[in-house]
Amino acid sequence: MENLTTPVRHQHKFNVVRLEKYLSSKSRVSNEESLSVRQYSAGQSNPTFLIQTTSNNSYVLRKKPCGELLPGAHKVDREYRVQKALFSVGFPVPQPILHCTDVEVIGTEFYLMEHVKGRIFRDLRLPGVTPAERSALYVAAVEVLAKLHSLGLSSLNLEGYGRGLGYCKRQVSTWTKQYRAAAHRDIPAMNELSDWLMKNLPDDDNEVTLVHGDYRLDNLIFHPTEARVMAVLDWELSTTGQPLADLAYFLMPHYWPASLNIISTMGSLKGIEGIPTVNDLISIYCRCRGIPAKLPRLNFYLALSVFKMAGIAQGVYARHLLGNASAPNAAEFSQCVEPLAKVALQFAQRPLADPTKDRLFLQTAKGQAVLQQVKDFMRRYVLPAQEEVAEYYSKHAQSPQRWHTPQIIKDLKVRAREAGLWNLFLSAVSGLTQVDYAYIAEETGRCLFAPEVFNCQAPDTGNMEVLHMFGSEEQKKKWLEPLLSGAIRSCFCMTEPDVASSDATNIECILRRDKDNYIINGKKWWSSGAGNPQCKVAIVMCRSSVQDVGSRHGQHSTIVVPMDSPGVRLIRPLTVFGQDDAIHGGHFEMHFDNVCVPASNIILGEGRGFEIAQGRLGPGRLHHCMRAVGCAELALELLCQRAASRHTFGKKLYQHEVVAHWIAECRLMIEQTRLLTLSAAHALDTLGSRAARKQIAMIKVAAARMACKVVDIAIQVHGGAGVSGDVPLAQMYAHVRTLRLADGPDEVHLSSIAFLELRDQLKKAQAKL
């Protein structure tokens, strides 16, 4: 919060004595009084000054800048007129006192208004304010905006103030002209944005109200102690037209990319505790106006808002070049225009999720913010890299180089980490809930290598969770920290080739204590990621050599084994339907021949292996399942595109009833699985891993089955192309089919579900008795 003034800047100085005489002639000051003048430091358009008299009266003066001005700008007469009209009907604006067109007084036209004392928040994120008050301040602001848009133009005597209908087209035209008049260099993104806006004007641009044109929280004065708007400031851009443009402009900071820092006070609102969601603000606004709670064409209005902001930034810099800018930081705005235009093009080119669409399992404000960042990052960087990644593995198909991570993925990882999109799966690090991360995992499921970009790839995520939850301080420092930083990779060794590993008690890999060491002997396979040269450590599940332990589940231990330990051998990469899955570091058979590791490498202690495995697999299974949902969404997209583009027997594929029904069934299965998985995530968040066992088991079965079915249908619709390498479906199928075996086959989970269900039903029956 700030309300600072500075001495009047050199380029804005005027004759104070003449102003005193003028105000005296208007009976605003006495002949004996003198004035002190200070300039407001904020504001980029019309210079604004605090005028104080020796009798402690205060006024605010706004004037046109001196010198050459852009055509149509700085209309202080319009500001005065609209404030006078609004004040007359009780709308919160400073009382306008007088308007002077005589440039002989202070050199330019100006007007005087009352000085309203209160709070002005220059930083839209409201630092230093409690979450509850943040919420109240934003609610108050949107209520006042709704009140403004509810005022009748006839009651304000503002007929003819603006041109009404066709507001959006006029705005695009006006700001295009303003930008071009002020431009100091050609910016292709601004030209592209202007063209897109003109070609995508809303069809229903027919509502006309008074619009503010620059309605932001920092243009409001709040009561000193209450969340109440005392005055709305800066009416220079006000006119009559489409009120939804005002609302979108106010909502714009909610969609602001966290990576875009124009000025320090205009950061993203994403993840700020207490600030209401877009959904809530739209609902309040519409309720106050008595209209349906929706905002059609939001992406257009957001793009228009940012285009206008870019035009304003260009004008501010132009005034800096002319030497008559209002604010001292005007030179900074030259670097804003192109980034703003690119942000607006992102709004234009992607359909925004309906902000009023309710979800059953809600993310936190931070979760929503990070999800949007991930979506933007995926669209801008990850998905466009798929072709280059595919070319890398095709080029090195017969070379050991295929086990290495392509440089483009390494570069993406650096970029993601710099953006703060790193280790999102681990709540203790990211601050996200399981529900938060579930939505993110779905998004990354649309690309095979996307989880790695964010350091959220299996099996490293499970291994990091094990070390975080159960590791000693020494183990965390030696292995967890490098894994979290992305410096190394890891693998998990549990399944064995010589026994039915679906019953994990069959594991035969032996762990034997030898003084201060453990000796490990045995075979493992399907050790995912072991082929990557950066895989430096394995977490191995072993059976104790001492067989006098009473419990079948108390005979196993988990131990950390460095990959360079003598006796650790990579035998061969296994293939999945003929593919070596090198992009994930492969799936290897490994032998441990008298491998000796320090006793301090044991995790949690001997006999705790199953306890650790269950803690590891709960969240990991959830992540796999939501990625499977994302994969299925991509398969359905490909299916629909194919069905709409191909003809058979005189009609398009989707016009065949069987294909139409397939599409419908896919949507049903995806939605059902998503809800079931989110329910499991919610259970993990609220009940913990043990209490969520049944939900985790259910999603493990449901998600893998669903993804297999959806991808299989997509393959069928694609015909021969579906099983080729020309589309990703065959690779996707190989991946999702393994999910019915990985982390336990369906049948084991079905048995667990049945056992847990019977137990719950018996408890209910006993309770009734």
# chains A, B, ... in the order shown; residues from 1 in each chain; ligands from 1

$ residues_around --residues "Ser283 (chain A)" --least-positions-apart "4" --cutoff "12 Å" --atoms "only C-alpha atoms" --output "ChimeraX atom specification"
/A:139,142-143,146,247,276-279,287-295,355-358

$ write_last_selection --atoms "C-alpha atoms" --output "mmCIF file, in the first residue's frame"
data_model
loop_
_atom_site.group_PDB
_atom_site.id
_atom_site.type_symbol
_atom_site.label_atom_id
_atom_site.label_comp_id
_atom_site.auth_asym_id
_atom_site.auth_seq_id
_atom_site.Cartn_x
_atom_site.Cartn_y
_atom_site.Cartn_z
ATOM 1 C CA VAL A 139 -15.113 -8.363 -3.729
ATOM 2 C CA VAL A 142 -15.961 -6.018 -8.431
ATOM 3 C CA GLU A 143 -19.211 -4.930 -6.742
ATOM 4 C CA ALA A 146 -21.066 -3.996 -11.381
ATOM 5 C CA LEU A 247 -14.696 -6.909 -16.410
ATOM 6 C CA PRO A 276 -11.016 -14.713 -5.025
ATOM 7 C CA THR A 277 -11.016 -16.944 -8.089
ATOM 8 C CA VAL A 278 -12.171 -15.750 -11.493
ATOM 9 C CA ASN A 279 -15.240 -17.924 -10.995
ATOM 10 C CA ARG A 287 -25.331 -11.438 -9.301
ATOM 11 C CA CYS A 288 -24.983 -7.713 -8.623
ATOM 12 C CA ARG A 289 -26.097 -6.934 -12.175
ATOM 13 C CA GLY A 290 -28.804 -9.596 -12.270
ATOM 14 C CA ILE A 291 -27.405 -11.301 -15.392
ATOM 15 C CA PRO A 292 -26.381 -14.924 -16.151
ATOM 16 C CA ALA A 293 -23.061 -15.909 -14.563
ATOM 17 C CA LYS A 294 -20.964 -16.324 -17.685
ATOM 18 C CA LEU A 295 -18.396 -14.409 -19.666
ATOM 19 C CA PRO A 355 -13.922 -20.142 -15.315
ATOM 20 C CA THR A 356 -17.454 -20.689 -14.076
ATOM 21 C CA LYS A 357 -17.311 -24.445 -14.520
ATOM 22 C CA ASP A 358 -17.470 -26.005 -11.071
#

$ residues_around --residues "Met190 (chain A)" --least-positions-apart "5" --cutoff "12 Å" --atoms "only C-alpha atoms" --output "ChimeraX atom specification"
/A:172,175-180,183,185,195-197,303-304,306-311,314,336-345

$ write_last_selection --atoms "C-alpha atoms" --output "CSV table (one decimal), in the first residue's frame"
chain,number,residue,atom,x,y,z
A,172,VAL,CA,-9.2,-2.4,-31.8
A,175,TRP,CA,-5.5,1.2,-30.0
A,176,THR,CA,-4.0,0.1,-33.4
A,177,LYS,CA,-3.8,3.7,-34.4
A,178,GLN,CA,-2.4,4.8,-31.1
A,179,TYR,CA,0.2,2.1,-31.1
A,180,ARG,CA,1.3,2.9,-34.7
A,183,ALA,CA,5.7,3.1,-32.2
A,185,ARG,CA,10.1,0.2,-34.0
A,195,ASP,CA,-5.2,-8.5,-37.2
A,196,TRP,CA,-6.5,-11.4,-35.0
A,197,LEU,CA,-8.6,-9.1,-32.9
A,303,ALA,CA,-6.4,-10.4,-25.6
A,304,LEU,CA,-8.0,-7.0,-26.2
A,306,VAL,CA,-3.5,-6.8,-23.0
A,307,PHE,CA,-3.4,-5.2,-26.5
A,308,LYS,CA,-4.7,-2.0,-24.9
A,309,MET,CA,-2.1,-2.3,-22.2
A,310,ALA,CA,0.6,-2.7,-24.8
A,311,GLY,CA,-0.7,0.3,-26.6
A,314,GLN,CA,4.0,2.3,-26.2
A,336,CYS,CA,7.0,-4.1,-22.3
A,337,VAL,CA,5.3,-3.9,-25.6
A,338,GLU,CA,6.5,-7.0,-27.4
A,339,PRO,CA,6.2,-9.4,-24.3
A,340,LEU,CA,2.6,-8.1,-23.7
A,341,ALA,CA,1.7,-8.7,-27.4
A,342,LYS,CA,3.0,-12.2,-27.1
A,343,VAL,CA,1.0,-12.9,-24.0
A,344,ALA,CA,-2.1,-11.5,-25.7
A,345,LEU,CA,-1.5,-13.9,-28.7

$ residues_around --residues "region 617-630 of chain A" --least-positions-apart "2" --cutoff "9 Å" --atoms "only C-alpha atoms" --output "ChimeraX atom specification"
/A:425,434,437-447,458-459,461-462,465,612-615,632-635,670-671,673-674,677-678,680-681,684,689-690,692-693,696-697,699-700,702-704,706-707,736,739,743

$ closest_residue --among "A:Asp726, A:Lys478, A:Val435, A:Asp77" --to "Ala683 (chain A)" --atoms "only C-alpha atoms"
A:Val435

$ residues_around --residues "Gly744 (chain A)" --least-positions-apart "2" --cutoff "6 Å" --atoms "only C-alpha atoms" --output "number ranges by chain"
A: 502, 741-742

$ residues_around --residues "region 716-725 of chain A" --least-positions-apart "5" --cutoff "9 Å" --atoms "only C-alpha atoms" --output "PDB file with N, CA and C atoms, in the first residue's frame"
ATOM      1  N   LEU A 638      -7.059 -37.381 -31.027  1.00  0.00           N
ATOM      2  CA  LEU A 638      -6.600 -37.947 -32.302  1.00  0.00           C
ATOM      3  C   LEU A 638      -7.715 -38.732 -32.981  1.00  0.00           C
ATOM      4  N   LEU A 639      -8.470 -39.468 -32.167  1.00  0.00           N
ATOM      5  CA  LEU A 639      -9.603 -40.251 -32.687  1.00  0.00           C
ATOM      6  C   LEU A 639     -10.606 -39.326 -33.375  1.00  0.00           C
ATOM      7  N   CYS A 640     -10.988 -38.261 -32.706  1.00  0.00           N
ATOM      8  CA  CYS A 640     -11.996 -37.344 -33.254  1.00  0.00           C
ATOM      9  C   CYS A 640     -11.491 -36.640 -34.505  1.00  0.00           C
ATOM     10  N   ARG A 642      -9.354 -37.812 -36.632  1.00  0.00           N
ATOM     11  CA  ARG A 642      -9.367 -38.806 -37.709  1.00  0.00           C
ATOM     12  C   ARG A 642     -10.800 -39.061 -38.187  1.00  0.00           C
ATOM     13  N   ALA A 643     -11.715 -39.189 -37.242  1.00  0.00           N
ATOM     14  CA  ALA A 643     -13.104 -39.484 -37.596  1.00  0.00           C
ATOM     15  C   ALA A 643     -13.742 -38.340 -38.374  1.00  0.00           C
ATOM     16  N   LEU A 653     -16.321 -40.723 -41.028  1.00  0.00           N
ATOM     17  CA  LEU A 653     -16.271 -41.819 -40.076  1.00  0.00           C
ATOM     18  C   LEU A 653     -17.177 -41.580 -38.863  1.00  0.00           C
ATOM     19  N   VAL A 659     -18.917 -45.604 -34.718  1.00  0.00           N
ATOM     20  CA  VAL A 659     -17.814 -44.702 -34.368  1.00  0.00           C
ATOM     21  C   VAL A 659     -18.307 -43.605 -33.422  1.00  0.00           C
ATOM     22  N   VAL A 711      -7.265 -45.947 -26.117  1.00  0.00           N
ATOM     23  CA  VAL A 711      -6.195 -45.964 -27.121  1.00  0.00           C
ATOM     24  C   VAL A 711      -6.480 -47.043 -28.167  1.00  0.00           C
ATOM     25  N   ALA A 730       0.501 -46.389 -31.197  1.00  0.00           N
ATOM     26  CA  ALA A 730       1.106 -47.686 -30.872  1.00  0.00           C
ATOM     27  C   ALA A 730       2.028 -47.563 -29.657  1.00  0.00           C
ATOM     28  N   GLN A 731       2.823 -46.495 -29.637  1.00  0.00           N
ATOM     29  CA  GLN A 731       3.699 -46.267 -28.492  1.00  0.00           C
ATOM     30  C   GLN A 731       2.872 -46.001 -27.232  1.00  0.00           C
TER      31      GLN A 731
END

$ closest_residue --among "A:Ile510, A:Ala313, A:Val374, A:Ala582" --to "Ser399 (chain A)" --atoms "only C-alpha atoms"
A:Ala582

$ closest_residue --among "A:Leu61, A:Leu124, A:Leu511, A:Val93" --to "Ile106 (chain A)" --atoms "only C-alpha atoms"
A:Leu61

$ residues_around --residues "region 519-527 of chain A" --least-positions-apart "2" --cutoff "9 Å" --atoms "only C-alpha atoms" --output "PyMOL selection string"
chain A and resi 459+491-498+508-514+517+529-531+538+540+542+567+573-574+586-598

$ write_last_selection --atoms "N, CA, C and O atoms" --output "short mmCIF file (atom, residue, chain, number, x, y, z; two decimals), in the first residue's frame"
data_model
loop_
_atom_site.label_atom_id
_atom_site.label_comp_id
_atom_site.auth_asym_id
_atom_site.auth_seq_id
_atom_site.Cartn_x
_atom_site.Cartn_y
_atom_site.Cartn_z
N PRO A 459 10.88 -43.79 -12.26
CA PRO A 459 10.64 -44.15 -10.85
C PRO A 459 11.27 -43.16 -9.86
O PRO A 459 11.22 -43.39 -8.66
N CYS A 491 16.80 -45.86 -10.10
CA CYS A 491 15.87 -46.93 -10.51
C CYS A 491 15.39 -47.66 -9.26
O CYS A 491 15.97 -47.51 -8.18
N PHE A 492 14.33 -48.44 -9.42
CA PHE A 492 13.74 -49.19 -8.30
C PHE A 492 13.74 -50.66 -8.69
O PHE A 492 13.22 -51.03 -9.77
N CYS A 493 14.32 -51.50 -7.85
CA CYS A 493 14.50 -52.91 -8.19
C CYS A 493 13.67 -53.78 -7.24
O CYS A 493 14.03 -53.94 -6.06
N MET A 494 12.57 -54.32 -7.77
CA MET A 494 11.69 -55.15 -6.93
C MET A 494 11.34 -56.44 -7.65
O MET A 494 11.50 -57.54 -7.11
N THR A 495 10.82 -56.35 -8.87
CA THR A 495 10.36 -57.53 -9.61
C THR A 495 11.53 -58.44 -9.98
O THR A 495 12.62 -57.95 -10.32
N GLU A 496 11.29 -59.76 -9.96
CA GLU A 496 12.36 -60.73 -10.25
C GLU A 496 11.93 -61.70 -11.34
O GLU A 496 10.75 -62.05 -11.46
N PRO A 497 12.90 -62.16 -12.15
CA PRO A 497 12.55 -63.03 -13.28
C PRO A 497 12.23 -64.47 -12.90
O PRO A 497 11.53 -65.18 -13.63
N ASP A 498 12.69 -64.93 -11.75
CA ASP A 498 12.59 -66.36 -11.44
C ASP A 498 11.43 -66.71 -10.51
O ASP A 498 11.22 -67.87 -10.17
N GLU A 508 13.32 -63.25 -3.87
CA GLU A 508 14.42 -64.11 -3.44
C GLU A 508 15.75 -63.40 -3.33
O GLU A 508 16.72 -63.99 -2.85
N CYS A 509 15.85 -62.18 -3.81
CA CYS A 509 17.10 -61.42 -3.71
C CYS A 509 17.47 -61.32 -2.22
O CYS A 509 16.69 -60.81 -1.42
N ILE A 510 18.66 -61.81 -1.86
CA ILE A 510 19.02 -62.00 -0.45
C ILE A 510 19.88 -60.84 0.05
O ILE A 510 20.81 -60.38 -0.63
N LEU A 511 19.56 -60.41 1.26
CA LEU A 511 20.33 -59.38 1.96
C LEU A 511 20.93 -60.03 3.20
O LEU A 511 20.22 -60.58 4.03
N ARG A 512 22.27 -59.97 3.32
CA ARG A 512 22.95 -60.60 4.45
C ARG A 512 23.85 -59.59 5.15
O ARG A 512 24.61 -58.87 4.51
N ARG A 513 23.73 -59.49 6.47
CA ARG A 513 24.55 -58.56 7.25
C ARG A 513 25.96 -59.14 7.39
O ARG A 513 26.15 -60.32 7.69
N ASP A 514 26.94 -58.30 7.18
CA ASP A 514 28.35 -58.68 7.34
C ASP A 514 29.06 -57.53 8.05
O ASP A 514 29.54 -56.59 7.41
N ASN A 517 28.45 -53.89 7.02
CA ASN A 517 28.00 -53.86 5.63
C ASN A 517 26.84 -54.82 5.44
O ASN A 517 26.53 -55.65 6.30
N GLY A 529 14.53 -47.21 -16.01
CA GLY A 529 15.44 -46.08 -15.92
C GLY A 529 16.89 -46.47 -15.73
O GLY A 529 17.76 -45.60 -15.76
N ALA A 530 17.17 -47.76 -15.52
CA ALA A 530 18.54 -48.18 -15.20
C ALA A 530 19.52 -47.94 -16.35
O ALA A 530 20.72 -47.86 -16.13
N GLY A 531 19.00 -47.82 -17.57
CA GLY A 531 19.89 -47.66 -18.73
C GLY A 531 20.41 -46.25 -18.93
O GLY A 531 21.37 -46.04 -19.68
N ALA A 538 20.29 -47.21 -7.11
CA ALA A 538 19.11 -48.08 -7.15
C ALA A 538 18.58 -48.26 -5.74
O ALA A 538 19.36 -48.34 -4.78
N VAL A 540 16.67 -51.04 -3.75
CA VAL A 540 16.49 -52.48 -3.99
C VAL A 540 15.70 -53.11 -2.85
O VAL A 540 15.97 -52.86 -1.67
N CYS A 542 14.85 -56.43 -0.90
CA CYS A 542 15.54 -57.71 -0.66
C CYS A 542 14.84 -58.50 0.45
O CYS A 542 14.12 -57.93 1.27
N GLY A 567 29.89 -55.60 -8.60
CA GLY A 567 28.91 -56.68 -8.58
C GLY A 567 27.55 -56.30 -9.13
O GLY A 567 26.70 -57.17 -9.36
N PRO A 573 18.58 -54.92 -21.80
CA PRO A 573 17.35 -54.13 -21.79
C PRO A 573 16.19 -55.01 -22.25
O PRO A 573 16.30 -55.73 -23.24
N LEU A 574 15.08 -54.94 -21.54
CA LEU A 574 13.88 -55.67 -21.95
C LEU A 574 13.09 -54.78 -22.90
O LEU A 574 13.21 -53.55 -22.90
N GLY A 586 14.87 -47.15 -20.42
CA GLY A 586 14.70 -48.58 -20.61
C GLY A 586 14.21 -49.30 -19.37
O GLY A 586 13.97 -48.70 -18.31
N HIS A 587 14.07 -50.64 -19.51
CA HIS A 587 13.66 -51.51 -18.41
C HIS A 587 14.66 -52.67 -18.42
O HIS A 587 14.63 -53.51 -19.34
N PHE A 588 15.51 -52.74 -17.43
CA PHE A 588 16.65 -53.65 -17.48
C PHE A 588 16.53 -54.83 -16.54
O PHE A 588 15.91 -54.74 -15.47
N GLU A 589 17.15 -55.94 -16.98
CA GLU A 589 17.44 -57.02 -16.06
C GLU A 589 18.78 -56.70 -15.42
O GLU A 589 19.75 -56.34 -16.09
N MET A 590 18.82 -56.80 -14.08
CA MET A 590 20.02 -56.48 -13.34
C MET A 590 20.37 -57.64 -12.41
O MET A 590 19.48 -58.29 -11.86
N HIS A 591 21.67 -57.90 -12.27
CA HIS A 591 22.14 -58.92 -11.34
C HIS A 591 22.98 -58.26 -10.25
O HIS A 591 23.74 -57.31 -10.53
N PHE A 592 22.81 -58.74 -9.04
CA PHE A 592 23.60 -58.27 -7.91
C PHE A 592 24.42 -59.46 -7.41
O PHE A 592 23.88 -60.39 -6.80
N ASP A 593 25.72 -59.43 -7.67
CA ASP A 593 26.61 -60.55 -7.35
C ASP A 593 27.55 -60.12 -6.22
O ASP A 593 28.53 -59.39 -6.44
N ASN A 594 27.21 -60.56 -4.99
CA ASN A 594 28.02 -60.21 -3.82
C ASN A 594 28.27 -58.70 -3.72
O ASN A 594 29.39 -58.25 -3.46
N VAL A 595 27.22 -57.94 -3.94
CA VAL A 595 27.33 -56.49 -3.87
C VAL A 595 27.40 -56.08 -2.40
O VAL A 595 26.53 -56.45 -1.60
N CYS A 596 28.43 -55.32 -2.06
CA CYS A 596 28.66 -54.91 -0.67
C CYS A 596 28.40 -53.41 -0.53
O CYS A 596 29.01 -52.60 -1.24
N VAL A 597 27.47 -53.06 0.36
CA VAL A 597 27.18 -51.64 0.62
C VAL A 597 27.20 -51.40 2.12
O VAL A 597 26.96 -52.33 2.91
N PRO A 598 27.47 -50.18 2.58
CA PRO A 598 27.49 -49.91 4.02
C PRO A 598 26.13 -50.18 4.67
O PRO A 598 25.08 -49.99 4.04
#

$ select_by_dssp --residues "region 519-649 of chain A" --states "strand (DSSP E or B)" --output "NGL selection string"
:A and (519-528 or 535-544 or 556-562 or 568-574 or 576 or 579 or 587-598 or 602 or 647-648)

$ atom_distance --atom1 "CA of Thr558 (chain A)" --atom2 "CA of Ile603 (chain A)"
5.7 Å

$ select_by_dssp --residues "region 171-339 of chain A" --states "alpha helix (DSSP H)" --output "PyMOL selection string"
chain A and resi 171-182+188-199+243-251+278-289+298-322+337-339

$ residues_around --residues "Tyr249 (chain A)" --least-positions-apart "5" --cutoff "7 Å" --atoms "only C-alpha atoms" --output "ChimeraX atom specification"
/A:215,302,305

$ closest_residue --among "A:Val389, A:Leu421, A:Ile272, A:Leu448" --to "Leu126 (chain A)" --atoms "only C-alpha atoms"
A:Ile272

$ atom_distance --atom1 "CA of Asn219 (chain A)" --atom2 "CA of Ala245 (chain A)"
16.5 Å
